[in-house]
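Down below is the structure, laid out as structure tokens.
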Amino acid sequence: MKRVLAPLILITALLAGWEIACRVLAVPAYLLPAPSGIWTAFLGSWPLLLGSAWATLSTALLALVISSLIACALAFAVSLNGLLEDAVRPIAVTLQVTPLVAIAPLVTIWAGIDHPERAVIGLAAVVAFFPIFSGALTGLKSVDPDLARLFDLYGASPWQRLIRLRLPSAVPALLEGHKVAVGLAVIGAVVAEFVAGSGGAQGLAWRILEAYNRLQTAKVFAALVTLAILGVVLHALMEVLESRLLAVWRGR
């Protein structure tokens, strides 16, 4: 109960202070709307926000699946060859530290101007790639030395070592990498739609831009609240999935 009540009390106090400050100081609604105004805007446009949230969610999940398949396959291949790891890791790090907005024009051109949704999915997949790759590679290399020597003693093949030793040892790191990546995929989808979208993929970022251009600040906050709820729900689902899988996993 303390874990639930403590944040609720804090959030309620912050919202109350925000509401009172806006009313006492007579802050213009276009500059900073009160929470009551944001709630009214949310109720008035929730069907549109729900559709946009689904567009952002579907984009993020598709990007997560693509990045997960590529990152896991690459990590498995790299874990079997140290020379390949030395060659791939700098490229992966370079891709991770490159700003998304810098490569967005190129990805948009490659995806086709008439298909902005492809560019958004590709950019979101790039953002989600590195945490999964790093987690998978770290997990595959964190093998108990005693178990590794036991597999050597029995003459296990590289494939047997990967499936029966390295992959079970990598489960916790894999789950942690995916838990980080799911949030980054949502962020990447929103940022990519800001810089590469042209109205074809009308997610939450498009709603924010639409309301911003009309100085409807309350609707901007309503879209941000929807985005925050989406991120919290995804993170909670990943934590539940992680706890369930780790309860079954017996890496010992």
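Within each chain, counting starts at residue 1; across the structure tokens, chains are named A, B, ... in the order shown, with ligands numbered 1 upward in that order.
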
Report as a tab-separated table the residues of segment 169-205 of chain A within 12 Å of segment 158-165 of chain A, each with its shortest atom pair and distance in Å (one decimal), using only C-alpha atoms, ordered by chain and increasing residue number.
```
residue	atom	partner	partner_atom	distance
A:Ser169	CA	A:Leu165	CA	6.3
A:Ala170	CA	A:Leu165	CA	8.8
A:Val171	CA	A:Leu165	CA	10.8
```

Save out the residues we just selected, N, CA and C atoms, as an mmCIF file, in the first residue's frame.
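In the end it all went to again_11.cif:
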```cif
data_model
loop_
_atom_site.group_PDB
_atom_site.id
_atom_site.type_symbol
_atom_site.label_atom_id
_atom_site.label_comp_id
_atom_site.auth_asym_id
_atom_site.auth_seq_id
_atom_site.Cartn_x
_atom_site.Cartn_y
_atom_site.Cartn_z
ATOM 1 N N SER A 169 22.013 -18.748 -19.793
ATOM 2 C CA SER A 169 22.717 -17.780 -18.956
ATOM 3 C C SER A 169 22.403 -16.339 -19.354
ATOM 4 N N ALA A 170 21.985 -16.143 -20.601
ATOM 5 C CA ALA A 170 21.741 -14.793 -21.107
ATOM 6 C C ALA A 170 20.319 -14.311 -20.881
ATOM 7 N N VAL A 171 19.443 -15.172 -20.354
ATOM 8 C CA VAL A 171 18.028 -14.798 -20.215
ATOM 9 C C VAL A 171 17.830 -13.520 -19.389
#
```

If you count only C-alpha atoms, which residues fall within 12 Å of Pro28 of chain A, apart from same-chain ones fewer than 3 positions away, as a JSON list (two decimals) with N, CA and C atoms, in the first residue's frame?
```json
[["chain", "number", "residue", "atom", "x", "y", "z"],
["A", 21, "ALA", "N", -1.97, 27.47, -8.63],
["A", 21, "ALA", "CA", -1.07, 28.48, -9.17],
["A", 21, "ALA", "C", -1.61, 29.08, -10.46],
["A", 22, "CYS", "N", -2.17, 28.25, -11.33],
["A", 22, "CYS", "CA", -2.72, 28.75, -12.59],
["A", 22, "CYS", "C", -3.92, 29.67, -12.35],
["A", 23, "ARG", "N", -4.76, 29.34, -11.37],
["A", 23, "ARG", "CA", -5.93, 30.15, -11.10],
["A", 23, "ARG", "C", -5.57, 31.46, -10.39],
["A", 24, "VAL", "N", -4.66, 31.38, -9.41],
["A", 24, "VAL", "CA", -4.29, 32.58, -8.65],
["A", 24, "VAL", "C", -3.51, 33.56, -9.52],
["A", 25, "LEU", "N", -2.58, 33.04, -10.30],
["A", 25, "LEU", "CA", -1.74, 33.91, -11.12],
["A", 25, "LEU", "C", -2.38, 34.25, -12.46],
["A", 31, "LEU", "N", -0.47, 29.45, -22.64],
["A", 31, "LEU", "CA", 0.89, 29.39, -22.10],
["A", 31, "LEU", "C", 1.07, 28.17, -21.20],
["A", 32, "LEU", "N", 0.18, 27.99, -20.25],
["A", 32, "LEU", "CA", 0.22, 26.83, -19.36],
["A", 32, "LEU", "C", -1.19, 26.56, -18.87],
["A", 33, "PRO", "N", -1.86, 25.57, -19.43],
["A", 33, "PRO", "CA", -3.23, 25.27, -18.99],
["A", 33, "PRO", "C", -3.23, 24.59, -17.63],
["A", 34, "ALA", "N", -4.31, 24.77, -16.90],
["A", 34, "ALA", "CA", -4.48, 24.10, -15.61],
["A", 34, "ALA", "C", -4.80, 22.63, -15.84],
["A", 37, "GLY", "N", -8.17, 22.01, -17.24],
["A", 37, "GLY", "CA", -8.28, 22.26, -18.67],
["A", 37, "GLY", "C", -7.70, 21.12, -19.50],
["A", 215, "LEU", "N", -1.86, 26.47, -31.31],
["A", 215, "LEU", "CA", -1.72, 27.02, -29.95],
["A", 215, "LEU", "C", -2.74, 26.41, -28.99],
["A", 216, "GLN", "N", -3.09, 25.16, -29.20],
["A", 216, "GLN", "CA", -4.00, 24.44, -28.30],
["A", 216, "GLN", "C", -3.15, 23.65, -27.30],
["A", 217, "THR", "N", -2.60, 24.40, -26.33],
["A", 217, "THR", "CA", -1.63, 23.81, -25.41],
["A", 217, "THR", "C", -2.24, 22.71, -24.57],
["A", 218, "ALA", "N", -3.51, 22.85, -24.23],
["A", 218, "ALA", "CA", -4.16, 21.81, -23.42],
["A", 218, "ALA", "C", -4.18, 20.47, -24.17]]
```

Contacts of segment 177-190 of chain A within 9 Å, only C-alpha atoms, excl. fewer than 3 positions in-chain, as a PyMOL selection string: chain A and resi 56-57+59-61+63-64+68+100+120-136+172-174+193-195+203-206+227+230-232+234-235+238-239+242

Straight-line distance linking atom CA of Ile11 of chain A with atom CA of Ser58 of chain A, stated in Å to one decimal: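 Taking atom CA of Ile11 of chain A as the start and atom CA of Ser58 of chain A as the end point, the length is 29.1 Å.
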
Of the listed residues A:Pro116, A:Gly44, A:Gly139, A:Pro90, that which approaches Lys219 of chain A most closely, counting only C-alpha atoms: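 Among the listed residues, A:Gly44 lies closest to Lys219 of chain A.
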
DSSP alpha helix (DSSP H) residues within segment 63-186 of chain A, as a PyMOL selection string: chain A and resi 63-79+82-97+100-111+116-141+145-153+158-161+167-186

Shell around Val101 of chain A at 9 Å using only C-alpha atoms, local window under 3 positions removed, as JSON, numbers by chain: {"A": [98, 104, 105, 191, 192, 195, 196]}

Contacts of Leu140 of chain A within 7 Å, only C-alpha atoms, excl. fewer than 2 positions in-chain, as a PyMOL selection string: chain A and resi 79+136-138+142-143+166-167+169-170

Could you write out the selected residues, including all heavy atoms, as an mmCIF file, in the first residue's frame?
```cif
data_model
loop_
_atom_site.group_PDB
_atom_site.id
_atom_site.type_symbol
_atom_site.label_atom_id
_atom_site.label_comp_id
_atom_site.auth_asym_id
_atom_site.auth_seq_id
_atom_site.Cartn_x
_atom_site.Cartn_y
_atom_site.Cartn_z
ATOM 1 N N SER A 79 29.001 -13.742 -30.512
ATOM 2 C CA SER A 79 29.464 -14.445 -29.311
ATOM 3 C C SER A 79 30.288 -15.677 -29.635
ATOM 4 O O SER A 79 31.044 -16.160 -28.791
ATOM 5 C CB SER A 79 28.266 -14.852 -28.452
ATOM 6 O OG SER A 79 27.463 -15.824 -29.125
ATOM 7 N N ALA A 136 22.113 -8.902 -24.919
ATOM 8 C CA ALA A 136 22.281 -10.276 -25.394
ATOM 9 C C ALA A 136 23.744 -10.682 -25.401
ATOM 10 O O ALA A 136 24.100 -11.790 -24.965
ATOM 11 C CB ALA A 136 21.687 -10.413 -26.792
ATOM 12 N N LEU A 137 24.611 -9.800 -25.867
ATOM 13 C CA LEU A 137 26.030 -10.135 -25.928
ATOM 14 C C LEU A 137 26.633 -10.277 -24.537
ATOM 15 O O LEU A 137 27.413 -11.205 -24.272
ATOM 16 C CB LEU A 137 26.770 -9.054 -26.720
ATOM 17 C CG LEU A 137 28.246 -9.328 -27.034
ATOM 18 C CD1 LEU A 137 28.393 -10.615 -27.811
ATOM 19 C CD2 LEU A 137 28.851 -8.164 -27.805
ATOM 20 N N THR A 138 26.244 -9.381 -23.631
ATOM 21 C CA THR A 138 26.739 -9.478 -22.255
ATOM 22 C C THR A 138 26.260 -10.757 -21.588
ATOM 23 O O THR A 138 27.022 -11.443 -20.897
ATOM 24 C CB THR A 138 26.275 -8.259 -21.450
ATOM 25 O OG1 THR A 138 26.769 -7.061 -22.066
ATOM 26 C CG2 THR A 138 26.791 -8.324 -20.028
ATOM 27 N N SER A 142 28.390 -14.081 -20.092
ATOM 28 C CA SER A 142 28.424 -14.226 -18.633
ATOM 29 C C SER A 142 28.095 -15.664 -18.234
ATOM 30 O O SER A 142 27.110 -15.922 -17.537
ATOM 31 C CB SER A 142 27.435 -13.255 -17.987
ATOM 32 O OG SER A 142 26.116 -13.534 -18.425
ATOM 33 N N VAL A 143 28.900 -16.568 -18.686
ATOM 34 C CA VAL A 143 28.696 -17.992 -18.420
ATOM 35 C C VAL A 143 29.533 -18.395 -17.202
ATOM 36 O O VAL A 143 30.671 -17.937 -17.035
ATOM 37 C CB VAL A 143 29.087 -18.826 -19.652
ATOM 38 C CG1 VAL A 143 28.984 -20.316 -19.356
ATOM 39 C CG2 VAL A 143 28.212 -18.453 -20.833
ATOM 40 N N ARG A 166 24.986 -20.982 -23.052
ATOM 41 C CA ARG A 166 25.044 -19.528 -23.165
ATOM 42 C C ARG A 166 23.662 -18.882 -23.196
ATOM 43 O O ARG A 166 23.443 -17.845 -22.562
ATOM 44 C CB ARG A 166 25.831 -19.139 -24.416
ATOM 45 C CG ARG A 166 27.306 -19.468 -24.326
ATOM 46 C CD ARG A 166 28.068 -18.873 -25.498
ATOM 47 N NE ARG A 166 29.498 -19.043 -25.338
ATOM 48 C CZ ARG A 166 30.401 -18.515 -26.169
ATOM 49 N NH1 ARG A 166 29.998 -17.784 -27.187
ATOM 50 N NH2 ARG A 166 31.679 -18.715 -25.957
ATOM 51 N N LEU A 167 22.740 -19.476 -23.945
ATOM 52 C CA LEU A 167 21.411 -18.874 -24.052
ATOM 53 C C LEU A 167 20.669 -18.862 -22.715
ATOM 54 O O LEU A 167 20.102 -17.822 -22.344
ATOM 55 C CB LEU A 167 20.598 -19.604 -25.120
ATOM 56 C CG LEU A 167 19.255 -18.970 -25.481
ATOM 57 C CD1 LEU A 167 19.463 -17.533 -25.943
ATOM 58 C CD2 LEU A 167 18.545 -19.772 -26.566
ATOM 59 N N SER A 169 22.013 -18.748 -19.793
ATOM 60 C CA SER A 169 22.717 -17.780 -18.956
ATOM 61 C C SER A 169 22.403 -16.339 -19.354
ATOM 62 O O SER A 169 22.539 -15.422 -18.544
ATOM 63 C CB SER A 169 24.230 -18.008 -19.051
ATOM 64 O OG SER A 169 24.568 -19.306 -18.610
ATOM 65 N N ALA A 170 21.985 -16.143 -20.601
ATOM 66 C CA ALA A 170 21.741 -14.793 -21.107
ATOM 67 C C ALA A 170 20.319 -14.311 -20.881
ATOM 68 O O ALA A 170 20.024 -13.154 -21.184
ATOM 69 C CB ALA A 170 22.054 -14.740 -22.605
#
```

Of the listed residues A:Ala247, A:Val97, A:Ala223, A:Leu209, that which approaches Pro47 of chain A most closely, counting only C-alpha atoms: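 Distance minimum relative to Pro47 of chain A lands on A:Ala223.
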